[in-house]
Structure formats: structure tokens, C-alpha cells
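Structure file target-v9.tsv (TSV, C-alpha atoms) follows.
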chain	number	residue	atom	x	y	z
C	15	MET	CA	88.37	103.82	109.98
C	16	VAL	CA	88.29	101.99	106.70
C	17	ASP	CA	91.40	100.30	105.31
C	18	ARG	CA	90.99	101.16	101.59
C	19	GLY	CA	94.14	99.30	100.61
C	20	GLY	CA	92.82	96.13	102.28
C	21	ARG	CA	89.44	96.53	100.58
C	22	ARG	CA	91.14	96.85	97.19
C	23	ALA	CA	93.12	93.70	97.92
C	24	THR	CA	89.98	91.87	99.00
C	25	ASN	CA	88.10	92.98	95.87
C	26	ALA	CA	90.96	91.86	93.67
C	27	THR	CA	90.95	88.48	95.35
C	28	VAL	CA	87.18	88.07	94.80
C	29	VAL	CA	87.53	89.04	91.12
C	30	ALA	CA	90.37	86.57	90.67
C	31	VAL	CA	88.35	83.78	92.30
C	32	LEU	CA	85.28	84.57	90.18
C	33	ALA	CA	87.41	84.63	87.03
C	34	ALA	CA	88.91	81.27	87.90
C	35	LEU	CA	85.45	79.80	88.51
C	36	ALA	CA	84.25	81.17	85.17
C	37	VAL	CA	87.18	79.52	83.38
C	38	LEU	CA	86.50	76.23	85.19
C	39	VAL	CA	82.77	76.26	84.31
C	40	ALA	CA	83.51	77.13	80.69
C	41	GLY	CA	85.97	74.27	80.50
C	42	LEU	CA	83.45	71.82	81.92
C	43	LEU	CA	80.78	72.94	79.45
C	44	PHE	CA	83.29	72.75	76.60
C	45	ALA	CA	84.16	69.16	77.46
C	46	ARG	CA	80.55	68.13	78.05
C	47	HIS	CA	79.32	69.32	74.65
C	48	GLY	CA	81.94	67.59	72.57
C	49	GLY	CA	84.74	70.02	71.99
C	50	PRO	CA	85.47	72.15	68.95
C	51	ASP	CA	83.52	70.00	66.45
C	52	ARG	CA	80.32	71.55	67.81
C	53	ALA	CA	81.55	75.13	67.89
C	54	SER	CA	80.01	77.73	65.58
C	55	ASN	CA	82.01	79.90	63.21
C	56	ALA	CA	79.62	82.81	63.78
C	57	PRO	CA	80.77	85.04	66.68
C	58	GLY	CA	78.36	85.35	69.56
C	59	ARG	CA	76.19	82.38	68.41
C	60	SER	CA	76.11	78.82	69.64
C	61	ALA	CA	75.93	76.06	67.02
C	62	PRO	CA	72.83	73.81	67.14
C	63	PRO	CA	73.41	70.43	68.80
C	64	ALA	CA	73.38	68.58	65.47
C	65	ALA	CA	76.03	70.72	63.81
C	66	THR	CA	79.36	68.98	63.20
C	67	PRO	CA	81.36	71.31	60.91
C	68	SER	CA	84.50	69.70	59.58
C	69	ALA	CA	86.72	70.21	56.58
C	70	SER	CA	86.71	66.42	55.99
C	71	PRO	CA	83.47	64.82	57.21
C	72	VAL	CA	83.97	61.46	58.86
C	73	PRO	CA	81.30	58.77	58.21
C	74	SER	CA	79.28	57.75	61.24
C	75	ALA	CA	80.65	54.71	63.03
C	76	SER	CA	77.33	53.85	64.64
C	77	PRO	CA	76.43	50.19	64.00
C	78	VAL	CA	73.43	49.16	61.92
C	79	LYS	CA	70.69	48.16	64.35
C	80	GLU	CA	68.77	45.85	62.00
C	81	ARG	CA	69.73	43.78	58.97
C	82	SER	CA	67.49	41.66	56.82
C	83	PRO	CA	68.06	37.93	57.41
C	84	PHE	CA	67.29	37.42	53.71
C	85	THR	CA	69.67	39.95	52.11
C	86	GLY	CA	71.99	41.20	54.87
C	87	LEU	CA	71.02	44.78	53.98
C	88	PRO	CA	69.89	47.36	56.57
C	89	GLN	CA	66.21	47.33	57.46
C	90	ASP	CA	64.14	49.45	59.83
C	91	ARG	CA	62.39	46.41	61.30
C	92	PRO	CA	61.29	42.89	60.31
C	93	ARG	CA	58.53	42.97	57.71
C	94	PRO	CA	55.87	40.39	56.81
C	95	VAL	CA	56.87	37.71	54.30
C	96	LEU	CA	55.08	37.36	50.96
C	97	ALA	CA	55.85	34.53	48.53
C	98	VAL	CA	54.57	34.78	44.96
C	99	LYS	CA	54.56	31.92	42.45
C	100	ILE	CA	55.64	33.31	39.08
C	101	ASP	CA	55.48	31.89	35.56
C	102	ASN	CA	58.74	31.25	33.70
C	103	VAL	CA	57.96	30.06	30.19
C	104	GLY	CA	58.60	32.11	27.07
C	105	PRO	CA	55.20	33.86	26.83
C	106	ALA	CA	55.51	34.96	30.49
C	107	ARG	CA	58.75	36.85	29.96
C	108	PRO	CA	59.83	39.45	30.81
C	109	GLN	CA	58.37	39.10	34.27
C	110	THR	CA	57.44	42.00	36.52
C	111	GLY	CA	58.60	42.77	40.06
C	112	ILE	CA	61.20	40.01	40.46
C	113	ASP	CA	63.98	42.58	40.68
C	114	ARG	CA	62.47	43.84	43.97
C	115	ALA	CA	62.32	40.42	45.63
C	116	ASP	CA	64.64	39.59	48.52
C	117	LEU	CA	64.94	35.94	47.49
C	118	VAL	CA	64.27	34.25	44.15
C	119	TYR	CA	63.86	30.47	44.04
C	120	VAL	CA	63.92	28.60	40.73
C	121	GLU	CA	62.35	25.14	40.79
C	122	GLU	CA	61.42	22.39	38.35
C	123	VAL	CA	57.79	21.85	37.35
C	124	GLU	CA	55.98	19.59	34.88
C	125	ALA	CA	57.57	18.66	31.56
C	126	GLY	CA	61.02	19.63	32.90
C	127	LEU	CA	60.28	23.37	32.78
C	128	THR	CA	60.97	25.86	35.57
C	129	ARG	CA	58.92	28.23	37.68
C	130	ILE	CA	59.86	30.96	40.16
C	131	LEU	CA	58.96	31.53	43.79
C	132	ALA	CA	59.79	35.14	44.67
C	133	VAL	CA	59.96	36.10	48.35
C	134	PHE	CA	59.35	39.71	49.42
C	135	SER	CA	59.92	41.14	52.88
C	136	SER	CA	60.79	44.80	52.46
C	137	SER	CA	59.43	48.19	53.44
C	138	PRO	CA	56.33	49.28	51.51
C	139	SER	CA	58.40	51.81	49.58
C	140	HIS	CA	60.57	49.02	48.14
C	141	LEU	CA	57.74	46.68	47.13
C	142	PRO	CA	56.90	46.71	43.41
C	143	ASP	CA	53.55	48.08	42.32
C	144	ARG	CA	52.74	44.73	40.73
C	145	VAL	CA	54.30	41.31	40.32
C	146	GLY	CA	53.74	38.46	37.92
C	147	PRO	CA	52.61	36.70	35.85
C	148	VAL	CA	51.24	34.73	38.81
C	149	ARG	CA	50.85	30.98	38.30
C	150	SER	CA	49.78	27.90	40.27
C	151	ALA	CA	51.32	26.45	43.41
C	152	ARG	CA	52.97	23.07	43.90
C	153	GLU	CA	53.23	20.70	46.85
C	154	SER	CA	56.96	21.30	47.27
C	155	ASP	CA	56.29	25.05	47.74
C	156	LEU	CA	54.65	24.24	51.06
C	157	GLU	CA	57.72	22.43	52.39
C	158	LEU	CA	60.05	25.16	51.17
C	159	LEU	CA	57.99	27.88	52.87
C	160	ARG	CA	57.84	26.19	56.27
C	161	GLN	CA	61.14	27.81	57.24
C	162	PHE	CA	59.52	31.26	56.96
C	163	GLY	CA	56.90	30.59	59.63
C	164	ARG	CA	53.44	31.40	58.29
C	165	PRO	CA	54.00	33.61	55.23
C	166	ALA	CA	51.46	34.89	52.74
C	167	LEU	CA	51.40	32.78	49.55
C	168	ALA	CA	50.11	34.24	46.29
C	169	PHE	CA	49.28	31.81	43.49
C	170	SER	CA	46.74	31.59	40.68
C	171	GLY	CA	45.28	28.23	41.72
C	172	ALA	CA	46.28	24.61	42.24
C	173	GLN	CA	45.34	21.06	41.31
C	174	THR	CA	41.98	20.26	42.94
C	175	ARG	CA	43.33	17.59	45.29
C	176	LEU	CA	46.11	19.92	46.42
C	177	LEU	CA	43.81	22.73	47.55
C	178	PRO	CA	42.89	21.09	50.90
C	179	VAL	CA	46.62	20.51	51.54
C	180	ILE	CA	47.32	24.20	50.99
C	181	ALA	CA	44.40	25.11	53.27
C	182	ALA	CA	45.90	22.99	56.05
C	183	ALA	CA	49.47	24.26	55.55
C	184	PRO	CA	51.01	27.09	57.63
C	185	VAL	CA	50.57	29.72	54.91
C	186	TYR	CA	48.08	32.53	54.38
C	187	ASP	CA	46.29	31.80	51.12
C	188	VAL	CA	46.12	35.07	49.18
C	189	SER	CA	45.17	33.53	45.84
C	190	PRO	CA	42.36	35.15	43.79
C	191	ALA	CA	39.88	33.00	45.72
C	192	HIS	CA	40.76	34.85	48.94
C	193	ALA	CA	42.22	38.17	47.77
C	194	GLY	CA	40.55	38.80	44.44
C	195	GLY	CA	40.90	42.57	44.72
C	196	ALA	CA	44.70	42.26	44.58
C	197	TYR	CA	44.71	40.77	41.05
C	198	THR	CA	44.32	42.18	37.54
C	199	ARG	CA	44.60	40.80	34.02
C	200	ASP	CA	46.95	42.33	31.47
C	201	ARG	CA	44.96	42.15	28.25
C	202	SER	CA	48.09	42.75	26.17
C	203	ARG	CA	49.30	39.25	27.06
C	204	PRO	CA	47.75	35.88	26.36
C	205	ALA	CA	46.15	33.89	29.18
C	206	PRO	CA	47.19	32.17	31.39
C	207	HIS	CA	50.38	34.28	31.32
C	208	ASN	CA	48.68	37.58	32.15
C	209	LEU	CA	47.62	37.48	35.81
C	210	TYR	CA	49.33	40.13	37.97
C	211	ALA	CA	49.00	41.10	41.62
C	212	SER	CA	49.66	44.06	43.89
C	213	PRO	CA	52.04	43.03	46.73
C	214	SER	CA	50.68	45.71	49.08
C	215	ARG	CA	47.13	44.45	48.58
C	216	LEU	CA	48.22	40.85	48.98
C	217	LEU	CA	49.83	41.68	52.33
C	218	ALA	CA	46.74	43.62	53.40
C	219	ALA	CA	44.80	40.38	52.95
C	220	ALA	CA	47.22	38.60	55.32
C	221	PRO	CA	47.75	41.05	58.21
C	222	ASP	CA	49.12	38.33	60.50
C	223	ALA	CA	51.71	36.92	58.08
C	224	SER	CA	55.00	36.05	59.76
C	225	ALA	CA	57.75	38.63	59.75
C	226	SER	CA	61.20	37.92	58.34
C	227	ARG	CA	63.39	35.79	60.59
C	228	ASP	CA	66.65	33.87	60.51
C	229	ILE	CA	66.49	31.12	57.86
C	230	GLY	CA	70.14	30.12	58.15
C	231	PHE	CA	71.78	32.53	55.69
C	232	ARG	CA	74.98	34.34	56.71
C	233	PHE	CA	76.40	37.46	55.08
C	234	GLY	CA	79.85	38.99	55.11
C	235	PRO	CA	83.25	38.95	53.41
C	236	ALA	CA	83.89	36.01	51.12
C	237	PRO	CA	85.58	32.99	52.73
C	238	SER	CA	89.03	31.89	51.63
C	239	GLY	CA	89.38	29.56	48.69
C	240	GLY	CA	86.89	29.30	45.88
C	241	THR	CA	87.56	28.86	42.18
C	242	ALA	CA	87.55	31.69	39.67
C	243	ALA	CA	84.37	31.46	37.59
C	244	THR	CA	82.65	33.74	35.11
C	245	THR	CA	79.89	31.50	33.74
C	246	ARG	CA	77.75	28.63	34.93
C	247	THR	CA	74.74	26.83	33.44
C	248	VAL	CA	72.18	24.81	35.40
C	249	ARG	CA	70.25	22.38	33.22
C	250	PHE	CA	66.77	20.99	33.78
C	251	PRO	CA	65.12	18.39	31.51
C	252	SER	CA	63.53	21.06	29.28
C	253	ALA	CA	64.99	24.34	30.55
C	254	SER	CA	68.20	26.00	31.68
C	255	VAL	CA	69.40	28.83	33.91
C	256	GLY	CA	72.52	30.61	32.69
C	257	LEU	CA	74.71	32.74	34.95
C	258	ARG	CA	77.43	35.19	33.93
C	259	TRP	CA	79.55	37.24	36.30
C	260	SER	CA	79.64	40.98	35.60
C	261	ALA	CA	82.64	42.57	37.32
C	262	GLU	CA	81.30	46.00	36.40
C	263	GLN	CA	77.89	45.41	38.02
C	264	ARG	CA	79.24	43.15	40.78
C	265	ARG	CA	76.51	40.58	40.23
C	266	TRP	CA	75.65	37.40	38.35
C	267	LEU	CA	73.47	38.15	35.33
C	268	VAL	CA	70.74	35.60	34.70
C	269	SER	CA	69.55	33.99	31.47
C	270	PHE	CA	66.63	31.64	30.93
C	271	ASP	CA	66.87	29.02	28.20
C	272	GLY	CA	69.80	30.82	26.60
C	273	ARG	CA	68.19	34.27	26.55
C	274	PRO	CA	68.92	37.20	28.89
C	275	ALA	CA	66.36	37.40	31.71
C	276	ALA	CA	64.85	40.78	32.41
C	277	ALA	CA	62.17	42.51	34.45
C	278	THR	CA	59.76	44.94	32.82
C	279	GLY	CA	60.82	48.53	33.32
C	280	THR	CA	64.13	47.77	35.04
C	281	GLY	CA	66.13	45.56	32.70
C	282	ARG	CA	68.47	42.63	33.23
C	283	LEU	CA	67.96	40.33	36.21
C	284	GLY	CA	70.89	39.36	38.38
C	285	ALA	CA	72.13	39.03	41.94
C	286	PRO	CA	75.37	39.35	43.94
C	287	THR	CA	74.91	35.76	45.21
C	288	VAL	CA	73.51	32.73	43.42
C	289	VAL	CA	73.17	29.41	45.23
C	290	ILE	CA	72.92	26.26	43.14
C	291	GLN	CA	71.39	23.89	45.67
C	292	TYR	CA	71.42	20.26	44.53
C	293	VAL	CA	68.25	18.52	45.73
C	294	THR	CA	66.40	15.28	45.12
C	295	VAL	CA	63.65	15.86	42.56
C	296	ARG	CA	61.06	13.09	42.69
C	297	ALA	CA	57.52	12.58	41.47
C	298	SER	CA	54.75	13.88	43.71
C	299	GLN	CA	51.27	12.38	43.97
C	300	TYR	CA	49.81	15.26	41.95
C	301	HIS	CA	49.70	16.04	38.25
C	302	ASP	CA	48.62	18.86	35.96
C	303	ARG	CA	45.53	19.00	33.74
C	304	TRP	CA	47.35	17.21	30.94
C	305	GLY	CA	48.32	14.30	33.17
C	306	SER	CA	52.00	15.23	33.65
C	307	THR	CA	53.24	14.34	37.12
C	308	SER	CA	54.29	17.32	39.24
C	309	PRO	CA	57.93	17.13	40.42
C	310	TYR	CA	58.67	17.49	44.12
C	311	SER	CA	61.97	19.21	45.04
C	312	GLU	CA	63.05	18.02	48.50
C	313	THR	CA	64.47	20.94	50.49
C	314	VAL	CA	64.56	19.14	53.85
C	315	GLY	CA	67.66	17.03	54.30
C	316	SER	CA	71.23	17.77	53.22
C	317	GLY	CA	73.40	17.85	50.16
C	318	GLU	CA	75.93	19.74	48.11
C	319	ALA	CA	75.73	23.25	46.71
C	320	ASP	CA	77.73	25.66	44.60
C	321	VAL	CA	77.71	29.23	45.85
C	322	LEU	CA	78.59	31.90	43.29
C	323	ARG	CA	79.78	35.30	44.50
C	324	ASP	CA	82.46	37.85	43.63
C	325	GLY	CA	83.44	36.06	40.43
C	326	LYS	CA	84.16	32.80	42.24
C	327	ALA	CA	82.46	29.46	42.81
C	328	TYR	CA	82.56	27.90	46.28
C	329	ARG	CA	81.71	24.27	46.89
C	330	ALA	CA	79.44	24.12	49.94
C	331	HIS	CA	77.25	21.81	51.98
C	332	TRP	CA	73.61	22.54	52.81
C	333	SER	CA	71.65	21.17	55.75
C	334	ARG	CA	68.03	21.55	56.81
C	335	PRO	CA	67.18	18.78	59.30
C	336	GLU	CA	63.52	19.74	59.71
C	337	ALA	CA	60.91	21.65	57.73
C	338	ALA	CA	60.36	24.29	60.40
C	339	GLY	CA	64.07	25.11	60.49
C	340	GLY	CA	66.28	27.14	58.18
C	341	THR	CA	68.87	26.02	55.66
C	342	GLU	CA	72.49	26.36	56.69
C	343	PHE	CA	75.33	26.50	54.16
C	344	THR	CA	78.89	25.66	55.18
C	345	THR	CA	82.24	25.50	53.40
C	346	ARG	CA	84.15	22.26	52.93
C	347	GLN	CA	86.05	23.19	56.10
C	348	GLY	CA	82.79	23.45	58.06
C	349	ALA	CA	82.79	27.25	58.43
C	350	PRO	CA	79.65	29.27	57.61
C	351	MET	CA	79.40	29.98	53.89
C	352	THR	CA	78.88	33.73	53.72
C	353	PHE	CA	76.82	35.42	51.02
C	354	ALA	CA	77.35	38.86	49.50
C	355	ARG	CA	74.80	41.38	50.72
C	356	GLY	CA	71.84	41.90	48.43
C	357	GLN	CA	69.29	39.81	46.57
C	358	VAL	CA	69.94	36.06	46.64
C	359	TRP	CA	68.90	33.57	43.96
C	360	ILE	CA	68.55	29.90	44.91
C	361	VAL	CA	68.35	27.46	42.00
C	362	LEU	CA	66.96	24.11	43.18
C	363	ALA	CA	68.89	21.97	40.73
C	364	PRO	CA	68.38	18.20	40.29
C	365	ARG	CA	70.94	16.29	42.32
C	366	PRO	CA	73.51	14.65	40.02
C	367	SER	CA	72.85	10.92	39.73

Could you take the file, read its structure, and then write that structure out as C-alpha cells?
Amino acid sequence: MVDRGGRRATNATVVAVLAALAVLVAGLLFARHGGPDRASNAPGRSAPPAATPSASPVPSASPVKERSPFTGLPQDRPRPVLAVKIDNVGPARPQTGIDRADLVYVEEVEAGLTRILAVFSSSPSHLPDRVGPVRSARESDLELLRQFGRPALAFSGAQTRLLPVIAAAPVYDVSPAHAGGAYTRDRSRPAPHNLYASPSRLLAAAPDASASRDIGFRFGPAPSGGTAATTRTVRFPSASVGLRWSAEQRRWLVSFDGRPAAATGTGRLGAPTVVIQYVTVRASQYHDRWGSTSPYSETVGSGEADVLRDGKAYRAHWSRPEAAGGTEFTTRQGAPMTFARGQVWIVLAPRPS
């Protein structure tokens, strides 16, 4: 004899248990997949894993995995370093490609004029199509570049006695003698101010060039202190570099010899951070074709610097004990001198006597 009342009770119990288990499993799945932010508004459909509908999207808090040691900006991975020696006299202006450099060094050359060493280490998509006008290298370039490892160095040529020194230095020579296919002449400009190069082709000629690495620079919020500043002029014997803070553009606009500096196709040159690094400038053992002695800017050692950022000037100290090491900048209190993220200009100014 079957007890139908008992069977109904048993069935009800089983249904209740199954319902409870279903609720428990649903709750576990709900918690595992991130809660309501991943739910779909369409009934009967599950939202794809990447969907995060929200009335007010919240920026991702995931940290940046890589940052360039030269600019402090995000990068996918370290890239090879290319240094290009660029002309900076009147007929060479406006230059091309400098606006895409990570670092721009300004140094003294013969007759008290200036020349530029632009350092590139970015993804191929950020490299300019061409850069220049490319000019000759100097002995002090080799010391300056030691901190980058073994970078590629593009230059138009060098004094005959200096060529063996360049060949023995830890750089990849990608001058026209070794990477001729990377260079072209712009016939609309007078020689020797019309030699241009393709950065991608230059790097292809130096496949083992060192990748970007820590050279001592630190980036972040501005330190305390500093003096309000809107203009600054660095004078060389026969040239000058003018700097003017633009609050609207959040960068220091550059002038050469009293005239606004620009890059072809992109306009005014400038950077969020400009370092005026006071160095000893002495005579080297080399000279140009007219007999003028080539200056040598000593970048190994220590000294004073003025760091311009955010409309302020900070007095700082620089130190580079050895050529293979980087250059550290500290505040008067001994804390790291932080730079604003972005392109950095370093003006190697003659140390005040």
C-alpha cells in the first residue's frame, strides 16, 4: 500500500532542496563573474566577458607596465636608441623631426655656435619619416652617448683624425659611409645644410643597437620650492637659446638666436622640461676645416643645473661619476629632481666662470 501523502511530502522536500541548490549555484556564479557590472540588459542573453555597462564609466586603475626612462611616458617595451647630430645655424632652420625626439641636447661647437644631438627611442609609428639636416659629429658626443650603452649614431662625417676614435667608441656608426641608403639630399636647400635621413632605415642598419635604459632621469610631480619663471636665455659665445613658458601649452617654447624655433610641418618647438646643465667647455684636440678648435663639453663629473618645468625654475645639482653611468639630478635638499613627463631638452651651457 502506497502512502500518497508521504510521497507528496517527499517530492516537495526534493523540490525545495533542488531549488535551494539552484539559488546557491546562481549566487556563486554571480559572485565569480563580477556582479551586476557584467550583466546584460537584454533578457535571456548573457553579456560578453568584456562588457562593463555603466552610466558613469570609471577609468581603469591598472598600473602602466612600462614607462620610457627618457620621457616618463608609457611605452610597450624598450626600443633601440638612435642619436642624430643635427645642424643649428640659420640656413639649417627649420629643422625636421626634432619634435619627435625623446631627448634634445644642445651643445657648443666651433666659433661659439650650437648644434643639436637628438635622441630617438620610440615605437616605429612615432618615429619621423625623416630627420635633419644631419651634420658632423664631435668628440664630446662620444662621451655623452656612453650612458646609453651602444646606441646608433647618425652623422654626416667627422674630422679625419676623429674617425678612428668614433670607430673604436661604443656606438654603431650609421653615417652615410655605413648606411648610405638611409640618406637623401634636399635640393631645395643649400649644401651642407640639406642632408636628411630616415630613422627607420638608420635603425635597420644597426639591428643590435642598445635599447633604452635608465640614464638617471626621474619623472613625477614637481618638488616643493622653485622660483616662478616665464623666460630664460642661455648664451653661448655666438648663439643663444631662448625659453618662454606657455601656460596654455604647458611647455617651454624654444627660440634660437632670438627667433622662434620650429620643426617643418609641425610648428613651434618646445618641451615640458628643459634642463640647463652647466658644464666645463674646453678645447679638444680636434679642429674644423677652417682651423677653429672644436669645443669639448664635459658631461662626466658634477655641477649645477637649472631645471625649468611648470612655469618654475629649480636650482639643482647634477652628478655623473663615470661615462658608462647615467646623470642624476637632485634638489638643493638632496631629493631627486623630478621632470615633467614628455620630451626633455638638455642645454649644455658653459659653466659660469

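Counting all atoms listed in the file, the residue from C:Gln357, C:Thr352, C:Asn102, C:Thr313 that sits nearest to Leu117 of chain C is C:Gln357.
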
Do you know which residues are at most 10 Å from segment 319-331 of chain C counting all atoms listed in the file, after dropping those on the same chain fewer than 6 positions away, and could you put them as number ranges by chain? C: 235-246, 257-261, 264-266, 285-293, 342-354, 359-363, 365

For Asp302 of chain C, which of C:Glu124, C:Asp222, C:Glu262, C:Glu318 is the closest residue, counting only C-alpha atoms?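 For Asp302 of chain C, the nearest of the candidates is C:Glu124.
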
8 Å contact set for His207 of chain C, all atoms listed in the file, chain neighbours under 4 positions out, as a ChimeraX atom specification: /C:101,105-106,147-149,203

If you measure from atom CA of Ala253 of chain C to atom CA of Leu159 of chain C, what distance in Å do you get, rounded to one decimal? 23.7 Å

Just give me the gap between atom CA of Gly315 of chain C and atom CA of Leu127 of chain C in Å, one decimal is fine.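 So the two atoms, atom CA of Gly315 of chain C and atom CA of Leu127 of chain C, lie 23.6 Å apart.
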
Who sits within 8 Å of Ala168 of chain C, all atoms listed in the file, same chain under 6 positions skipped, as a ChimeraX atom specification: /C:96-99,148,187-189,216

Which residues are near Arg160 of chain C? Cut-off 9 Å, all atoms listed in the file, ignore same chain within fewer than 6 positions. Put them as an MDAnalysis selection string. chainID C and resid 183:185 337:340

Contacts of segment 129-135 of chain C within 8 Å, only C-alpha atoms, excl. fewer than 6 positions in-chain, as a ChimeraX atom specification: /C:92-103,112,114-123,141,225-226

By how many Å are atom CA of Pro190 of chain C and atom CA of Asp113 of chain C apart? 23.1 Å

Pick from C:Ser136, C:Ser311, C:Gln173, C:Ser333: nearest to Ser154 of chain C, with only C-alpha atoms counted? C:Ser311
